[in-house]
Amino acid sequence: MKHVYLHVPFCRRRCSYCDFSIAVRRAIPAAQYVAAIRRERDLLFASGEWDDQPLQTLYLGGGTPSLLPPESVAELVAFFLGSSSRFPFPASRFPTGRRGLEVTIEANPDDVTPPVAAAWRAAGVNRVSLGVQSFSPAILRWMHRTHRAGQAGKAVRALRRAGFDNVSLDLIFALPGALRPNLRRDLEKALALEPDHLSVYGLSVEPRTPLARWISAGAIAPSGDERYADEFLLAHQLLTDQGFEHYEVSNYARPGRRSRHNAAYWTGEPYAGLGPAAHGFAGRTRRWNISPWAAYERTVHQGKSPEAGREILSEEERSLERVYLGLRTRSGVARLHLGSEAEALLEDAVQAGLLERRGRRIRATPKGWLALDAMVARLSACWVT
Ligand code: SF4
């Protein structure tokens, strides 16, 4: 399998805006987790759903994978690398770059100490995505984050000393105005840490989160569309001026530092997703796992597949998804075979500065990214394959 995602569901507490499938735990059941993942991989292999392609990217996401002890991280990396014919185990050093294997761990800054960073690097992890979110102490408290503002810098320094040359920082924009957010200051503080990659996400209000409850109780007002657009364009300007490539709607990279794992999602490559609530995709089939950790663990322990459901996309759904995902990226999509109504829509979007043509490709402009959902919804209404 070329691309593997492991969902590590454990968190110390739930952040105020988060609706991910997580398990809040004081003590992390690391040994049970690793055993469950190994078992799920074996079940997939036995069912013929694990192809023999050499591994290219392994991504530990969550949840909070950095809550796993480093030896559990090392065991997982070794297991998946050992499963790959291209990387016979043991292998403790992988270069970062276009041709090397990419092994990413998502981490909260408070979990990254010098010994942990060194242990991850020795295990073969070569990319770290740090959930910084904000540099404002008050906003971090409001978000229910576990780290303090100064810990992001300490984490980056520990990673650099351990030899990581591919560090990504996550930031959140479009925060409620009552919090007095300052995105420019956050971006400048992030840039001062010299990251290789930045993910800049707009805050979205998801049902059943503390944030949604606060908003419906009138305790806080969400940021409006205008602020969202202004801040999105501010980030684009500031980061591209600093030499970052805005290569996907939420992602910026130094040359050679795009996320190769996430690129697989955007280009429709097959990937396996293991762990509770993880999704996998192959051909036209998308499958997903049972969400609650306890039910997932019990099921794989009994030797049964933890798959909760699957859908097979029609040709039409698949091609529309290709367009949607392609337009999220700076590469855009190859010219399409569309009916005249859809072609007219695209031409209108080009005239409005939302799309641009580049040879045989068409791609969204930064302004177009702000209108992408509406554009694709209109396109889907007149879709002809
Ligand atoms: S650490 Fe991440 S996954 Fe966990 S609650 Fe916070 S945002 Fe959600």
# chains A, B, ... in the order shown; residues from 1 in each chain; ligands from 1
>>> residues_near_ligand(ligand="ligand 1", cutoff="8 Å", atoms="only C-alpha atoms and all ligand atoms", output="CSV table (one decimal) with N, CA, C and O atoms, in the first residue's frame")
chain,number,residue,atom,x,y,z
A,9,PRO,N,-6.6,8.0,18.2
A,9,PRO,CA,-7.8,8.8,18.7
A,9,PRO,C,-7.7,9.6,20.0
A,9,PRO,O,-8.6,10.3,20.4
A,10,PHE,N,-6.5,9.3,20.7
A,10,PHE,CA,-6.5,9.8,22.1
A,10,PHE,C,-6.2,11.3,22.2
A,10,PHE,O,-5.3,11.8,21.5
A,11,CYS,N,-6.9,12.0,23.1
A,11,CYS,CA,-6.6,13.4,23.5
A,11,CYS,C,-6.7,13.5,25.0
A,11,CYS,O,-7.4,12.7,25.6
A,12,ARG,N,-6.1,14.5,25.5
A,12,ARG,CA,-6.2,14.8,26.9
A,12,ARG,C,-7.5,15.4,27.3
A,12,ARG,O,-8.1,15.2,28.3
A,13,ARG,N,-8.0,16.3,26.4
A,13,ARG,CA,-9.4,16.8,26.5
A,13,ARG,C,-9.8,17.3,25.1
A,13,ARG,O,-9.0,17.3,24.2
A,14,ARG,N,-11.1,17.7,25.0
A,14,ARG,CA,-11.6,18.1,23.7
A,14,ARG,C,-11.4,19.6,23.5
A,14,ARG,O,-11.9,20.4,24.4
A,15,CYS,N,-10.9,20.0,22.4
A,15,CYS,CA,-10.7,21.4,22.1
A,15,CYS,C,-12.1,22.0,21.8
A,15,CYS,O,-13.0,21.2,21.3
A,16,SER,N,-12.3,23.3,22.0
A,16,SER,CA,-13.6,23.8,22.0
A,16,SER,C,-14.3,23.8,20.6
A,16,SER,O,-15.5,23.8,20.5
A,17,TYR,N,-13.5,23.6,19.5
A,17,TYR,CA,-14.1,23.7,18.2
A,17,TYR,C,-14.0,22.3,17.5
A,17,TYR,O,-14.4,22.2,16.4
A,18,CYS,N,-13.6,21.3,18.2
A,18,CYS,CA,-13.3,20.0,17.6
A,18,CYS,C,-14.4,19.0,17.6
A,18,CYS,O,-15.0,18.7,18.6
A,19,ASP,N,-14.7,18.4,16.4
A,19,ASP,CA,-15.7,17.4,16.3
A,19,ASP,C,-15.1,16.1,15.8
A,19,ASP,O,-15.8,15.2,15.3
A,20,PHE,N,-13.8,15.9,15.9
A,20,PHE,CA,-13.1,14.7,15.4
A,20,PHE,C,-13.5,13.5,16.3
A,20,PHE,O,-14.0,13.7,17.4
A,21,SER,N,-13.3,12.4,15.8
A,21,SER,CA,-13.6,11.2,16.5
A,21,SER,C,-12.4,10.9,17.5
A,21,SER,O,-11.3,10.6,17.0
A,22,ILE,N,-12.6,11.2,18.8
A,22,ILE,CA,-11.5,11.1,19.7
A,22,ILE,C,-11.9,10.3,20.9
A,22,ILE,O,-13.1,10.1,21.1
A,62,GLY,N,-4.6,12.4,14.1
A,62,GLY,CA,-5.5,12.2,15.2
A,62,GLY,C,-6.6,13.2,15.4
A,62,GLY,O,-6.9,13.8,14.4
A,63,GLY,N,-7.1,13.2,16.6
A,63,GLY,CA,-6.5,12.8,17.9
A,63,GLY,C,-5.1,13.4,18.1
A,63,GLY,O,-4.8,14.4,17.5
A,64,THR,N,-4.4,12.8,19.0
A,64,THR,CA,-3.0,13.3,19.3
A,64,THR,C,-2.0,12.2,19.3
A,64,THR,O,-1.7,11.6,20.4
A,108,ASN,N,1.2,17.8,19.4
A,108,ASN,CA,0.9,19.0,20.2
A,108,ASN,C,2.2,19.5,20.7
A,108,ASN,O,3.0,18.7,21.2
A,131,GLY,N,0.5,21.2,16.0
A,131,GLY,CA,-0.8,21.9,16.2
A,131,GLY,C,-0.6,23.2,17.0
A,131,GLY,O,-1.0,23.2,18.2
A,144,HIS,N,-9.3,25.6,24.6
A,144,HIS,CA,-9.1,24.4,25.4
A,144,HIS,C,-7.8,23.6,25.0
A,144,HIS,O,-7.8,22.4,25.2
A,145,ARG,N,-6.9,24.3,24.4
A,145,ARG,CA,-5.6,23.6,24.0
A,145,ARG,C,-4.8,23.3,25.3
A,145,ARG,O,-4.9,24.0,26.3
A,146,THR,N,-4.0,22.3,25.2
A,146,THR,CA,-3.2,21.9,26.4
A,146,THR,C,-1.9,22.6,26.5
A,146,THR,O,-1.3,22.6,27.5
>>> residues_around(residues="region 250-260 of chain A", least_positions_apart="3", cutoff="6 Å", atoms="only C-alpha atoms", output="PDB file with all heavy atoms, in the first residue's frame")
ATOM      1  N   ASP A 196       8.924  24.764   7.523  1.00  0.00           N
ATOM      2  CA  ASP A 196       9.051  24.347   6.122  1.00  0.00           C
ATOM      3  C   ASP A 196       7.694  24.329   5.441  1.00  0.00           C
ATOM      4  O   ASP A 196       7.597  24.301   4.221  1.00  0.00           O
ATOM      5  CB  ASP A 196       9.664  22.940   6.056  1.00  0.00           C
ATOM      6  CG  ASP A 196      10.960  22.883   6.834  1.00  0.00           C
ATOM      7  OD1 ASP A 196      11.970  23.379   6.322  1.00  0.00           O
ATOM      8  OD2 ASP A 196      10.937  22.407   7.995  1.00  0.00           O
ATOM      9  N   HIS A 197       6.657  24.307   6.273  1.00  0.00           N
ATOM     10  CA  HIS A 197       5.294  24.126   5.751  1.00  0.00           C
ATOM     11  C   HIS A 197       4.338  24.760   6.745  1.00  0.00           C
ATOM     12  O   HIS A 197       4.596  24.741   7.959  1.00  0.00           O
ATOM     13  CB  HIS A 197       5.033  22.611   5.629  1.00  0.00           C
ATOM     14  CG  HIS A 197       3.735  22.222   5.007  1.00  0.00           C
ATOM     15  ND1 HIS A 197       2.538  22.250   5.685  1.00  0.00           N
ATOM     16  CD2 HIS A 197       3.444  21.794   3.760  1.00  0.00           C
ATOM     17  CE1 HIS A 197       1.568  21.835   4.884  1.00  0.00           C
ATOM     18  NE2 HIS A 197       2.098  21.553   3.709  1.00  0.00           N
ATOM     19  N   LEU A 198       3.258  25.334   6.259  1.00  0.00           N
ATOM     20  CA  LEU A 198       2.224  25.888   7.154  1.00  0.00           C
ATOM     21  C   LEU A 198       0.855  25.433   6.664  1.00  0.00           C
ATOM     22  O   LEU A 198       0.580  25.457   5.452  1.00  0.00           O
ATOM     23  CB  LEU A 198       2.262  27.422   7.121  1.00  0.00           C
ATOM     24  CG  LEU A 198       3.324  28.082   7.989  1.00  0.00           C
ATOM     25  CD1 LEU A 198       3.723  29.424   7.388  1.00  0.00           C
ATOM     26  CD2 LEU A 198       2.777  28.309   9.398  1.00  0.00           C
ATOM     27  N   SER A 199      -0.001  25.027   7.590  1.00  0.00           N
ATOM     28  CA  SER A 199      -1.402  24.764   7.260  1.00  0.00           C
ATOM     29  C   SER A 199      -2.215  25.828   7.982  1.00  0.00           C
ATOM     30  O   SER A 199      -2.074  25.993   9.201  1.00  0.00           O
ATOM     31  CB  SER A 199      -1.831  23.377   7.739  1.00  0.00           C
ATOM     32  OG  SER A 199      -1.081  22.382   7.086  1.00  0.00           O
ATOM     33  N   VAL A 200      -3.030  26.561   7.233  1.00  0.00           N
ATOM     34  CA  VAL A 200      -3.772  27.690   7.803  1.00  0.00           C
ATOM     35  C   VAL A 200      -5.256  27.424   7.539  1.00  0.00           C
ATOM     36  O   VAL A 200      -5.711  27.512   6.402  1.00  0.00           O
ATOM     37  CB  VAL A 200      -3.314  29.019   7.162  1.00  0.00           C
ATOM     38  CG1 VAL A 200      -3.961  30.198   7.878  1.00  0.00           C
ATOM     39  CG2 VAL A 200      -1.793  29.152   7.227  1.00  0.00           C
ATOM     40  N   TYR A 201      -5.964  27.056   8.598  1.00  0.00           N
ATOM     41  CA  TYR A 201      -7.360  26.625   8.463  1.00  0.00           C
ATOM     42  C   TYR A 201      -8.305  27.688   8.993  1.00  0.00           C
ATOM     43  O   TYR A 201      -8.065  28.260  10.057  1.00  0.00           O
ATOM     44  CB  TYR A 201      -7.609  25.340   9.258  1.00  0.00           C
ATOM     45  CG  TYR A 201      -6.773  24.171   8.813  1.00  0.00           C
ATOM     46  CD1 TYR A 201      -5.716  23.710   9.595  1.00  0.00           C
ATOM     47  CD2 TYR A 201      -7.035  23.535   7.610  1.00  0.00           C
ATOM     48  CE1 TYR A 201      -4.949  22.627   9.182  1.00  0.00           C
ATOM     49  CE2 TYR A 201      -6.272  22.457   7.190  1.00  0.00           C
ATOM     50  CZ  TYR A 201      -5.231  22.005   7.977  1.00  0.00           C
ATOM     51  OH  TYR A 201      -4.475  20.944   7.564  1.00  0.00           O
ATOM     52  N   PHE A 244       6.681  31.178   0.278  1.00  0.00           N
ATOM     53  CA  PHE A 244       5.929  29.929   0.391  1.00  0.00           C
ATOM     54  C   PHE A 244       5.047  29.761  -0.842  1.00  0.00           C
ATOM     55  O   PHE A 244       4.511  30.738  -1.371  1.00  0.00           O
ATOM     56  CB  PHE A 244       5.045  29.934   1.642  1.00  0.00           C
ATOM     57  CG  PHE A 244       5.789  29.642   2.895  1.00  0.00           C
ATOM     58  CD1 PHE A 244       6.455  30.665   3.568  1.00  0.00           C
ATOM     59  CD2 PHE A 244       5.866  28.355   3.398  1.00  0.00           C
ATOM     60  CE1 PHE A 244       7.178  30.400   4.723  1.00  0.00           C
ATOM     61  CE2 PHE A 244       6.588  28.082   4.556  1.00  0.00           C
ATOM     62  CZ  PHE A 244       7.234  29.101   5.221  1.00  0.00           C
ATOM     63  N   GLU A 245       4.884  28.519  -1.231  1.00  0.00           N
ATOM     64  CA  GLU A 245       4.025  28.198  -2.353  1.00  0.00           C
ATOM     65  C   GLU A 245       2.645  27.863  -1.771  1.00  0.00           C
ATOM     66  O   GLU A 245       2.540  26.994  -0.897  1.00  0.00           O
ATOM     67  CB  GLU A 245       4.653  26.977  -3.033  1.00  0.00           C
ATOM     68  CG  GLU A 245       3.982  26.461  -4.223  1.00  0.00           C
ATOM     69  CD  GLU A 245       4.575  25.110  -4.641  1.00  0.00           C
ATOM     70  OE1 GLU A 245       5.323  24.490  -3.835  1.00  0.00           O
ATOM     71  OE2 GLU A 245       4.263  24.690  -5.739  1.00  0.00           O
ATOM     72  N   HIS A 246       1.616  28.569  -2.207  1.00  0.00           N
ATOM     73  CA  HIS A 246       0.251  28.271  -1.733  1.00  0.00           C
ATOM     74  C   HIS A 246      -0.277  27.153  -2.635  1.00  0.00           C
ATOM     75  O   HIS A 246      -0.899  27.395  -3.648  1.00  0.00           O
ATOM     76  CB  HIS A 246      -0.610  29.534  -1.860  1.00  0.00           C
ATOM     77  CG  HIS A 246      -1.911  29.420  -1.138  1.00  0.00           C
ATOM     78  ND1 HIS A 246      -2.799  30.463  -1.024  1.00  0.00           N
ATOM     79  CD2 HIS A 246      -2.499  28.388  -0.470  1.00  0.00           C
ATOM     80  CE1 HIS A 246      -3.862  30.091  -0.330  1.00  0.00           C
ATOM     81  NE2 HIS A 246      -3.701  28.829   0.010  1.00  0.00           N
ATOM     82  N   TYR A 247      -0.010  25.898  -2.239  1.00  0.00           N
ATOM     83  CA  TYR A 247      -0.224  24.804  -3.191  1.00  0.00           C
ATOM     84  C   TYR A 247      -1.558  24.100  -3.006  1.00  0.00           C
ATOM     85  O   TYR A 247      -1.948  23.282  -3.846  1.00  0.00           O
ATOM     86  CB  TYR A 247       0.935  23.799  -3.121  1.00  0.00           C
ATOM     87  CG  TYR A 247       0.984  22.929  -1.877  1.00  0.00           C
ATOM     88  CD1 TYR A 247       0.539  21.614  -1.907  1.00  0.00           C
ATOM     89  CD2 TYR A 247       1.482  23.415  -0.676  1.00  0.00           C
ATOM     90  CE1 TYR A 247       0.591  20.805  -0.795  1.00  0.00           C
ATOM     91  CE2 TYR A 247       1.538  22.617   0.448  1.00  0.00           C
ATOM     92  CZ  TYR A 247       1.089  21.312   0.383  1.00  0.00           C
ATOM     93  OH  TYR A 247       1.134  20.513   1.492  1.00  0.00           O
ATOM     94  N   ALA A 263      -1.210  15.059  -0.563  1.00  0.00           N
ATOM     95  CA  ALA A 263      -1.333  15.154  -2.025  1.00  0.00           C
ATOM     96  C   ALA A 263      -1.992  13.894  -2.584  1.00  0.00           C
ATOM     97  O   ALA A 263      -2.717  13.952  -3.584  1.00  0.00           O
ATOM     98  CB  ALA A 263       0.030  15.382  -2.654  1.00  0.00           C
TER      99      ALA A 263
END
>>> closest_residue(among="A:Leu327, A:Leu187, A:Phe80, A:Pro176", to="Arg227 (chain A)", atoms="only C-alpha atoms")
A:Pro176
>>> residues_around(residues="Ala35 (chain A)", least_positions_apart="6", cutoff="12 Å", atoms="only C-alpha atoms", output="number ranges by chain")
A: 29, 41-42, 72, 75-76, 79, 275, 296-298, 300-301, 303
>>> closest_residue(among="A:Ala107, A:Met1, A:Ala23, A:Leu233", to="Glu49 (chain A)", atoms="only C-alpha atoms")
A:Met1
>>> closest_residue(among="A:Ala46, A:Ala295, A:Ala190, A:Ile290", to="Arg310 (chain A)", atoms="only C-alpha atoms")
A:Ile290
>>> residues_around(residues="Pro115 (chain A)", least_positions_apart="5", cutoff="12 Å", atoms="only C-alpha atoms", output="list in words")
Pro69, Pro70, Glu71, Trp120, Arg121, Ala122, Ala155, Ala158, Leu159, Arg161 and Ala162 of chain A
>>> closest_residue(among="A:Gln151, A:Lys367, A:Trp50, A:His279", to="Gln237 (chain A)", atoms="only C-alpha atoms")
A:Lys367
>>> select_by_dssp(residues="region 4-101 of chain A", states="alpha helix (DSSP H)", output="count of residues only")
30
>>> atom_distance(atom1="CA of Glu231 (chain A)", atom2="CA of Val156 (chain A)")
24.8 Å
>>> closest_residue(among="A:His147, A:Ser134, A:Gly368, A:Ala123", to="Pro109 (chain A)", atoms="only C-alpha atoms")
A:His147
>>> select_by_dssp(residues="region 10-197 of chain A", states="strand (DSSP E or B)", output="PyMOL selection string")
chain A and resi 10-11+23-24+57-62+102-107+127-133+167-173+197
>>> closest_residue(among="A:Met143, A:Val249, A:Ala334, A:Ala235", to="Pro210 (chain A)", atoms="only C-alpha atoms")
A:Met143
>>> residues_around(residues="Ile220 (chain A)", least_positions_apart="3", cutoff="8 Å", atoms="only C-alpha atoms", output="PDB file with N, CA and C atoms, in the first residue's frame")
ATOM      1  N   PRO A 176     -13.595  34.243  16.337  1.00  0.00           N
ATOM      2  CA  PRO A 176     -14.563  35.283  16.715  1.00  0.00           C
ATOM      3  C   PRO A 176     -13.869  36.595  17.080  1.00  0.00           C
ATOM      4  N   ALA A 178     -14.621  38.817  19.152  1.00  0.00           N
ATOM      5  CA  ALA A 178     -14.586  39.124  20.583  1.00  0.00           C
ATOM      6  C   ALA A 178     -13.291  38.646  21.244  1.00  0.00           C
ATOM      7  N   TRP A 214     -21.817  27.508  22.516  1.00  0.00           N
ATOM      8  CA  TRP A 214     -21.604  28.894  22.945  1.00  0.00           C
ATOM      9  C   TRP A 214     -22.284  29.855  21.966  1.00  0.00           C
ATOM     10  N   ILE A 215     -22.177  29.516  20.681  1.00  0.00           N
ATOM     11  CA  ILE A 215     -22.783  30.411  19.674  1.00  0.00           C
ATOM     12  C   ILE A 215     -24.302  30.370  19.785  1.00  0.00           C
ATOM     13  N   ALA A 217     -26.051  29.755  22.329  1.00  0.00           N
ATOM     14  CA  ALA A 217     -26.483  30.409  23.582  1.00  0.00           C
ATOM     15  C   ALA A 217     -26.246  31.921  23.533  1.00  0.00           C
TER      16      ALA A 217
END
